[in-house]
$ cat start.pdb   # PDB, C-alpha atoms, pLDDT in the B column
ATOM      1  CA  MET A   1     173.412  22.045 129.426  1.00 45.00           C
ATOM      2  CA  ASP A   2     176.923  22.993 128.287  1.00 54.00           C
ATOM      3  CA  LYS A   3     176.078  22.290 124.661  1.00 58.00           C
ATOM      4  CA  LYS A   4     178.088  24.116 121.988  1.00 63.00           C
ATOM      5  CA  LEU A   5     175.872  25.415 119.200  1.00 61.00           C
ATOM      6  CA  SER A   6     176.810  24.564 115.637  1.00 78.00           C
ATOM      7  CA  ASN A   7     177.488  27.378 113.184  1.00 86.00           C
ATOM      8  CA  PRO A   8     177.993  25.847 109.733  1.00 91.00           C
ATOM      9  CA  CYS A   9     179.591  27.665 106.810  1.00 90.00           C
ATOM     10  CA  THR A  10     176.919  29.032 104.471  1.00 88.00           C
ATOM     11  CA  ARG A  11     178.804  27.748 101.433  1.00 90.00           C
ATOM     12  CA  CYS A  12     180.384  24.375 102.282  1.00 91.00           C
ATOM     13  CA  GLY A  13     178.606  23.396 105.506  1.00 90.00           C
ATOM     14  CA  LYS A  14     181.756  22.804 107.599  1.00 91.00           C
ATOM     15  CA  ALA A  15     181.658  23.889 111.224  1.00 92.00           C
ATOM     16  CA  ARG A  16     182.991  27.442 111.441  1.00 92.00           C
ATOM     17  CA  ILE A  17     185.822  28.266 113.834  1.00 92.00           C
ATOM     18  CA  GLU A  18     186.322  31.324 116.030  1.00 92.00           C
ATOM     19  CA  SER A  19     188.878  33.702 114.536  1.00 91.00           C
ATOM     20  CA  ARG A  20     188.721  36.469 117.123  1.00 93.00           C
ATOM     21  CA  SER A  21     186.670  37.620 120.040  1.00 95.00           C
ATOM     22  CA  TRP A  22     186.490  40.957 121.856  1.00 94.00           C
ATOM     23  CA  THR A  23     184.401  42.700 124.458  1.00 96.00           C
ATOM     24  CA  GLU A  24     182.859  46.148 124.397  1.00 95.00           C
ATOM     25  CA  LYS A  25     181.430  48.096 127.310  1.00 95.00           C
ATOM     26  CA  ILE A  26     178.483  50.369 126.598  1.00 93.00           C
ATOM     27  CA  GLU A  27     177.165  52.987 128.984  1.00 92.00           C
ATOM     28  CA  GLU A  28     173.399  52.869 129.360  1.00 89.00           C
ATOM     29  CA  TYR A  29     170.843  54.795 131.347  1.00 88.00           C
ATOM     30  CA  PHE A  30     170.748  52.166 134.113  1.00 88.00           C
ATOM     31  CA  GLY A  31     174.452  51.312 134.134  1.00 90.00           C
ATOM     32  CA  GLU A  32     176.935  49.555 131.931  1.00 93.00           C
ATOM     33  CA  SER A  33     176.481  46.582 129.590  1.00 94.00           C
ATOM     34  CA  THR A  34     179.225  44.329 128.318  1.00 94.00           C
ATOM     35  CA  ILE A  35     178.854  42.980 124.795  1.00 94.00           C
ATOM     36  CA  ILE A  36     180.973  40.060 123.636  1.00 94.00           C
ATOM     37  CA  HIS A  37     181.657  40.002 119.897  1.00 94.00           C
ATOM     38  CA  THR A  38     182.827  36.800 118.207  1.00 92.00           C
ATOM     39  CA  GLU A  39     183.990  36.586 114.606  1.00 92.00           C
ATOM     40  CA  THR A  40     183.864  33.146 112.993  1.00 92.00           C
ATOM     41  CA  VAL A  41     185.399  31.920 109.747  1.00 94.00           C
ATOM     42  CA  CYS A  42     185.302  28.796 107.610  1.00 93.00           C
ATOM     43  CA  PRO A  43     188.283  26.498 108.292  1.00 93.00           C
ATOM     44  CA  ASP A  44     188.811  26.241 104.512  1.00 93.00           C
ATOM     45  CA  ALA A  45     190.658  29.445 103.528  1.00 93.00           C
ATOM     46  CA  ASP A  46     189.578  29.262  99.864  1.00 95.00           C
ATOM     47  CA  CYS A  47     185.932  28.862 100.844  1.00 95.00           C
ATOM     48  CA  GLN A  48     186.184  31.759 103.319  1.00 94.00           C
ATOM     49  CA  LYS A  49     187.660  33.981 100.608  1.00 95.00           C
ATOM     50  CA  ILE A  50     184.710  33.206  98.302  1.00 95.00           C
ATOM     51  CA  VAL A  51     182.224  33.860 101.124  1.00 94.00           C
ATOM     52  CA  GLU A  52     183.859  37.224 101.887  1.00 94.00           C
ATOM     53  CA  GLU A  53     183.723  38.200  98.201  1.00 96.00           C
ATOM     54  CA  LYS A  54     180.023  37.329  98.053  1.00 95.00           C
ATOM     55  CA  LEU A  55     179.320  39.288 101.235  1.00 94.00           C
ATOM     56  CA  ALA A  56     181.219  42.307  99.889  1.00 97.00           C
ATOM     57  CA  ALA A  57     179.241  42.173  96.622  1.00 97.00           C
ATOM     58  CA  GLN A  58     175.983  41.886  98.569  1.00 97.00           C
ATOM     59  CA  LYS A  59     176.940  44.827 100.795  1.00 97.00           C
ATOM     60  CA  GLN A  60     177.829  46.942  97.744  1.00 97.00           C
ATOM     61  CA  LYS A  61     174.495  46.124  96.099  1.00 97.00           C
ATOM     62  CA  THR A  62     172.629  47.019  99.291  1.00 97.00           C
ATOM     63  CA  MET A  63     174.447  50.344  99.544  1.00 97.00           C
ATOM     64  CA  GLU A  64     173.648  51.146  95.897  1.00 97.00           C
ATOM     65  CA  MET A  65     169.979  50.292  96.419  1.00 98.00           C
ATOM     66  CA  GLN A  66     169.844  52.472  99.530  1.00 97.00           C
ATOM     67  CA  ALA A  67     171.470  55.396  97.695  1.00 97.00           C
ATOM     68  CA  ALA A  68     168.980  55.021  94.821  1.00 97.00           C
ATOM     69  CA  ARG A  69     166.080  54.928  97.292  1.00 96.00           C
ATOM     70  CA  GLU A  70     167.287  58.085  99.009  1.00 96.00           C
ATOM     71  CA  GLU A  71     167.643  59.825  95.636  1.00 95.00           C
ATOM     72  CA  ARG A  72     164.079  58.803  94.676  1.00 95.00           C
ATOM     73  CA  MET A  73     162.808  60.174  97.988  1.00 94.00           C
ATOM     74  CA  ARG A  74     164.600  63.496  97.447  1.00 93.00           C
ATOM     75  CA  GLU A  75     163.211  63.705  93.901  1.00 91.00           C
ATOM     76  CA  SER A  76     159.724  62.929  95.173  1.00 89.00           C
ATOM     77  CA  GLN A  77     159.987  65.713  97.758  1.00 88.00           C
ATOM     78  CA  ARG A  78     161.183  68.148  95.090  1.00 86.00           C
ATOM     79  CA  ASN A  79     158.223  67.218  92.890  1.00 85.00           C
ATOM     80  CA  ARG A  80     155.790  67.772  95.779  1.00 82.00           C
ATOM     81  CA  LYS A  81     157.218  71.232  96.423  1.00 76.00           C
ATOM     82  CA  LYS A  82     156.879  72.112  92.726  1.00 74.00           C
ATOM     83  CA  LYS A  83     153.265  70.907  92.720  1.00 72.00           C
ATOM     84  CA  GLN A  84     152.373  73.047  95.717  1.00 73.00           C
ATOM     85  CA  ASN A  85     153.749  76.243  94.157  1.00 63.00           C
TER      86      ASN A  85
END
$ encode --input "start.pdb" --output "structure tokens"
Amino acid sequence: MDKKLSNPCTRCGKARIESRSWTEKIEEYFGESTIIHTETVCPDADCQKIVEEKLAAQKQKTMEMQAAREERMRESQRNRKKKQN
């Protein structure tokens, strides 16, 4: 039962390797929980660089979409207030 799970690179399919790992303790209502974070990277540095660029572009797009959504919601609320007056 000591089977290591595979975590392939999303771009090239090679098995990803662990780059760093850290623990974090969080206080909860019933005590304390320990969370173990593990960061993995592709063993091919060029591939990892491309993956990071794609993730950064995706994150930027998501943030822009979220900002646009929030602006539409604010505009919608303004329009409702104008309609009521």
$ resolve_selection --input "start.pdb" --expression "the PyMOL selection byres ((chain A and resi 17-20) around 9)" --output "PyMOL selection string"
chain A and resi 7+15-16+21-22+37-43
$ residues_around --input "start.pdb" --residues "A:Arg11" --least-positions-apart "4" --cutoff "9 Å" --atoms "only C-alpha atoms" --output "ChimeraX atom specification"
/A:47-48,50-51
$ atom_distance --input "start.pdb" --atom1 "atom CA of A:Arg72" --atom2 "atom CA of A:Lys59"
20.0 Å
$ atom_distance --input "start.pdb" --atom1 "atom CA of A:Leu55" --atom2 "atom CA of A:Thr10"
11.0 Å
$ closest_residue --input "start.pdb" --among "A:Ala68, A:Thr23, A:Ser6, A:Ala57" --to "A:Ile35" --atoms "only C-alpha atoms"
A:Thr23
$ atom_distance --input "start.pdb" --atom1 "atom CA of A:Glu52" --atom2 "atom CA of A:Cys9"
11.6 Å
